[in-house]
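Trainee: input.pdb is reproduced in full below (PDB, C-alpha atoms).
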```pdb
ATOM      1  CA  MET A   1      -1.803 -33.681 -11.296
ATOM      2  CA  LYS A   2      -1.766 -32.535  -7.687
ATOM      3  CA  LYS A   3       1.982 -31.838  -7.866
ATOM      4  CA  ILE A   4       1.607 -29.800 -11.052
ATOM      5  CA  LEU A   5      -1.188 -27.732  -9.523
ATOM      6  CA  SER A   6       0.865 -27.144  -6.359
ATOM      7  CA  LEU A   7       3.883 -26.124  -8.427
ATOM      8  CA  ALA A   8       1.785 -23.711 -10.528
ATOM      9  CA  LEU A   9       0.312 -22.155  -7.371
ATOM     10  CA  LEU A  10       3.761 -21.786  -5.837
ATOM     11  CA  LEU A  11       5.200 -20.139  -8.950
ATOM     12  CA  SER A  12       2.283 -17.734  -9.308
ATOM     13  CA  SER A  13       2.509 -16.692  -5.656
ATOM     14  CA  MET A  14       6.256 -16.132  -5.999
ATOM     15  CA  SER A  15       5.750 -13.964  -9.084
ATOM     16  CA  PHE A  16       3.126 -11.931  -7.229
ATOM     17  CA  VAL A  17       5.545 -11.306  -4.348
ATOM     18  CA  ILE A  18       8.307 -10.286  -6.752
ATOM     19  CA  MET A  19       6.017  -7.868  -8.578
ATOM     20  CA  ALA A  20       4.827  -6.338  -5.299
ATOM     21  CA  GLN A  21       8.416  -5.756  -4.197
ATOM     22  CA  ASP A  22       9.315  -4.224  -7.549
ATOM     23  CA  VAL A  23       6.534  -1.639  -7.280
ATOM     24  CA  SER A  24       7.371  -0.726  -3.674
ATOM     25  CA  GLU A  25      11.079  -0.309  -4.463
ATOM     26  CA  LYS A  26      10.347   2.146  -7.265
ATOM     27  CA  GLY A  27       8.327   4.339  -4.903
ATOM     28  CA  HIS A  28       5.361   4.718  -7.231
ATOM     29  CA  ASP A  29       2.480   5.896  -5.138
ATOM     30  CA  ASP A  30      -0.300   6.387  -7.624
ATOM     31  CA  HIS A  31      -1.932   4.459 -10.439
ATOM     32  CA  THR A  32      -0.074   6.410 -13.122
ATOM     33  CA  GLY A  33       3.291   4.915 -12.181
ATOM     34  CA  HIS A  34       4.815   8.263 -11.213
ATOM     35  CA  ASP A  35       6.253   9.195  -7.859
ATOM     36  CA  LYS A  36       4.181  11.940  -6.208
ATOM     37  CA  LYS A  37       7.241  13.951  -5.187
ATOM     38  CA  GLU A  38       8.505  13.799  -8.749
ATOM     39  CA  MET A  39       5.146  15.022 -10.042
ATOM     40  CA  MET A  40       5.082  17.933  -7.571
ATOM     41  CA  GLN A  41       8.384  19.183  -8.989
ATOM     42  CA  LYS A  42       7.145  19.192 -12.584
ATOM     43  CA  SER A  43       5.575  22.255 -14.159
ATOM     44  CA  ALA A  44       1.944  22.287 -15.258
ATOM     45  CA  GLU A  45       3.095  22.195 -18.888
ATOM     46  CA  GLU A  46       5.231  19.098 -18.268
ATOM     47  CA  ILE A  47       2.366  17.328 -16.507
ATOM     48  CA  ALA A  48      -0.042  18.200 -19.331
ATOM     49  CA  GLN A  49       2.464  16.979 -21.929
ATOM     50  CA  MET A  50       2.999  13.686 -20.064
ATOM     51  CA  ARG A  51      -0.737  13.069 -19.786
ATOM     52  CA  THR A  52      -1.322  13.945 -23.431
ATOM     53  CA  ASP A  53       1.510  11.670 -24.574
ATOM     54  CA  ARG A  54       0.157   8.807 -22.465
ATOM     55  CA  LEU A  55      -3.335   9.182 -23.937
ATOM     56  CA  ASP A  56      -1.941   9.543 -27.458
ATOM     57  CA  LYS A  57       0.008   6.328 -27.011
ATOM     58  CA  GLU A  58      -3.146   4.495 -25.904
ATOM     59  CA  VAL A  59      -5.734   5.806 -28.388
ATOM     60  CA  LYS A  60      -3.703   7.397 -31.234
ATOM     61  CA  LEU A  61      -4.990  10.979 -31.227
ATOM     62  CA  THR A  62      -5.233  13.099 -34.354
ATOM     63  CA  ALA A  63      -3.309  16.396 -34.441
ATOM     64  CA  SER A  64      -6.492  18.344 -33.725
ATOM     65  CA  GLN A  65      -7.454  16.047 -30.856
ATOM     66  CA  ARG A  66      -3.934  16.237 -29.445
ATOM     67  CA  LYS A  67      -4.100  20.059 -29.279
ATOM     68  CA  GLN A  68      -7.518  19.959 -27.603
ATOM     69  CA  VAL A  69      -6.467  17.250 -25.133
ATOM     70  CA  TYR A  70      -3.265  19.155 -24.302
ATOM     71  CA  ALA A  71      -5.285  22.342 -23.633
ATOM     72  CA  LEU A  72      -7.638  20.436 -21.341
ATOM     73  CA  ASN A  73      -4.768  18.698 -19.546
ATOM     74  CA  LEU A  74      -2.944  22.023 -19.147
ATOM     75  CA  LYS A  75      -6.013  23.637 -17.574
ATOM     76  CA  ASP A  76      -6.388  20.684 -15.188
ATOM     77  CA  ALA A  77      -2.656  20.613 -14.368
ATOM     78  CA  LYS A  78      -2.631  24.335 -13.525
ATOM     79  CA  ALA A  79      -5.606  23.842 -11.189
ATOM     80  CA  LEU A  80      -3.844  20.839  -9.646
ATOM     81  CA  LYS A  81      -0.646  22.834  -9.047
ATOM     82  CA  ILE A  82      -2.612  25.628  -7.341
ATOM     83  CA  GLU A  83      -4.396  23.078  -5.145
ATOM     84  CA  MET A  84      -1.130  21.308  -4.245
ATOM     85  CA  GLU A  85       0.526  24.610  -3.304
ATOM     86  CA  ALA A  86      -2.438  25.551  -1.108
ATOM     87  CA  ARG A  87      -2.308  22.164   0.633
ATOM     88  CA  GLN A  88       1.436  22.535   1.175
ATOM     89  CA  LYS A  89       1.010  26.002   2.706
ATOM     90  CA  GLU A  90      -1.770  24.719   4.974
ATOM     91  CA  SER A  91       0.332  21.732   5.985
ATOM     92  CA  ASP A  92       3.313  23.969   6.765
ATOM     93  CA  ALA A  93       1.127  26.310   8.825
ATOM     94  CA  ASN A  94      -0.334  23.386  10.786
ATOM     95  CA  ARG A  95       3.123  21.928  11.392
ATOM     96  CA  LEU A  96       4.387  25.305  12.649
ATOM     97  CA  ALA A  97       1.354  25.764  14.933
ATOM     98  CA  LYS A  98       1.869  22.298  16.459
ATOM     99  CA  LYS A  99       5.565  22.998  17.030
ATOM    100  CA  GLU A 100       4.796  26.330  18.706
ATOM    101  CA  SER A 101       2.181  24.648  20.892
ATOM    102  CA  LYS A 102       4.655  21.939  21.920
ATOM    103  CA  ASP A 103       7.304  24.559  22.674
ATOM    104  CA  GLN A 104       4.859  26.496  24.867
ATOM    105  CA  LEU A 105       3.908  23.286  26.684
ATOM    106  CA  PHE A 106       7.556  22.504  27.387
ATOM    107  CA  LYS A 107       8.062  26.039  28.789
ATOM    108  CA  ILE A 108       5.290  25.353  31.296
ATOM    109  CA  LEU A 109       6.544  21.921  32.366
ATOM    110  CA  THR A 110       9.412  21.197  34.737
ATOM    111  CA  PRO A 111      12.467  19.351  33.386
ATOM    112  CA  GLU A 112      11.247  16.120  35.042
ATOM    113  CA  GLN A 113       7.833  16.468  33.405
ATOM    114  CA  GLN A 114       9.453  17.248  30.059
ATOM    115  CA  LYS A 115      11.485  14.056  30.348
ATOM    116  CA  ILE A 116       8.346  11.996  31.059
ATOM    117  CA  ILE A 117       6.534  13.484  28.059
ATOM    118  CA  ALA A 118       9.557  13.005  25.794
ATOM    119  CA  GLU A 119       9.824   9.345  26.816
ATOM    120  CA  LYS A 120       6.098   8.744  26.490
ATOM    121  CA  PHE A 121       5.730  10.299  23.056
ATOM    122  CA  ASP A 122       9.207   9.522  21.682
ATOM    123  CA  LEU A 123       9.757  13.020  20.288
ATOM    124  CA  HIS A 124      11.713  13.088  17.064
ATOM    125  CA  ASN A 125      13.874  15.836  15.564
ATOM    126  CA  ASP A 126      10.951  17.528  13.865
ATOM    127  CA  GLY A 127       9.039  17.704  17.151
ATOM    128  CA  LYS A 128       6.242  15.395  16.058
ATOM    129  CA  PRO A 129       5.128  13.067  18.823
ATOM    130  CA  TYR A 130       4.888   9.394  18.026
ATOM    131  CA  PHE A 131       3.318   6.968  20.446
ATOM    132  CA  LYS A 132       5.574   4.117  21.298
ATOM    133  CA  ARG A 133       4.083   0.778  20.440
ATOM    134  CA  GLU A 134       4.165  -0.417  24.074
ATOM    135  CA  GLU A 135       2.173   2.613  25.211
ATOM    136  CA  MET A 136      -0.479   1.973  22.578
ATOM    137  CA  LYS A 137      -0.744  -1.683  23.578
ATOM    138  CA  LYS A 138      -1.208  -0.745  27.240
ATOM    139  CA  LYS A 139      -3.986   1.693  26.337
ATOM    140  CA  SER A 140      -5.851  -0.729  24.074
ATOM    141  CA  LYS A 141      -8.877  -2.622  25.321
ATOM    142  CA  ASP A 142     -10.299  -5.630  23.500
ATOM    143  CA  GLY A 143      -8.174  -4.903  20.445
ATOM    144  CA  LYS A 144      -9.599  -1.397  20.023
ATOM    145  CA  ARG A 145      -7.460   1.697  20.431
ATOM    146  CA  THR A 146      -8.913   4.392  22.610
ATOM    147  CA  LEU A 147      -8.445   8.067  21.946
ATOM    148  CA  SER A 148      -7.085   9.723  25.053
ATOM    149  CA  ASN A 149      -8.385  13.164  24.114
ATOM    150  CA  LYS A 150     -12.003  12.030  23.755
ATOM    151  CA  VAL A 151     -13.560  10.329  26.706
ATOM    152  CA  GLY A 152     -15.298   7.085  25.812
ATOM    153  CA  SER A 153     -14.603   7.215  22.097
ATOM    154  CA  THR A 154     -12.830   4.365  20.357
ATOM    155  CA  VAL A 155     -11.250   3.775  16.983
ATOM    156  CA  ASN A 156     -11.794   0.432  15.261
TER     157      ASN A 156
END
```
Could you write out this file's structure as structure tokens?

Mentor:
Amino acid sequence: MKKILSLALLLSSMSFVIMAQDVSEKGHDDHTGHDKKEMMQKSAEEIAQMRTDRLDKEVKLTASQRKQVYALNLKDAKALKIEMEARQKESDANRLAKKESKDQLFKILTPEQQKIIAEKFDLHNDGKPYFKREEMKKKSKDGKRTLSNKVGSTVN
């Protein structure tokens, strides 16, 4: 009995691991099973049609209901597209402002100082600084990371 239970537990854990890998390989980021980048490229009409089809498949809509649901989904999808475009513009503006700020900083610094900053932050092609893991470990105290720009504040 103990062997059967152990075998069942082992098989169920293996199936869980396989399923988790399958989802991560597909790149599905949301609960709908669609990749977010793929959804951003679709038109509002395509998104509304996909949502309507999915609901129709689940609850078998009548023709009248299908038209009403499509209209509602289309209205929501258009609002979503406007919101996504606004977020993208804001993100692009923030990215550009950070790059300009970094460029101005590097104009102020000497080449030796620039080298120190580049090594410390591991600057990538897009100019975004990433802390190296060793630097973060040195700065941590009692397992909590400290924010260098705020004195005395910590992040759990």

Trainee: Between CA of Gln88 in chain A and CA of Leu72 in chain A, measure the distance and give it in Å to one decimal.

Mentor: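 These atoms are spaced 24.4 Å apart.
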
Trainee: Record the distance separating CA of Met84 in chain A and CA of Gln68 in chain A, expressed in Å with one decimal.

Mentor: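 Computing the Euclidean distance for CA of Met84 in chain A and CA of Gln68 in chain A yields 24.3 Å.
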
Trainee: Record the distance separating CA of Asp103 in chain A and CA of Ser91 in chain A, expressed in Å with one decimal.

Mentor: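 Result for CA of Asp103 in chain A versus CA of Ser91 in chain A: 18.3 Å, one decimal.
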
Trainee: Got a sec to resolve the PyMOL selection byres ((chain A and resi 80) around 12) on this structure and send the residues as a VMD selection string?

Mentor: chain A and resid 39 to 40 42 to 45 47 to 48 73 to 79 81 to 87

Trainee: Which residues, named as in the file, does the PyMOL selection byres ((chain A and resi 53-55) around 12) pick out? Answer as a ChimeraX atom specification.

Mentor: /A:32-33,46-52,56-63,65-67,69-70,73
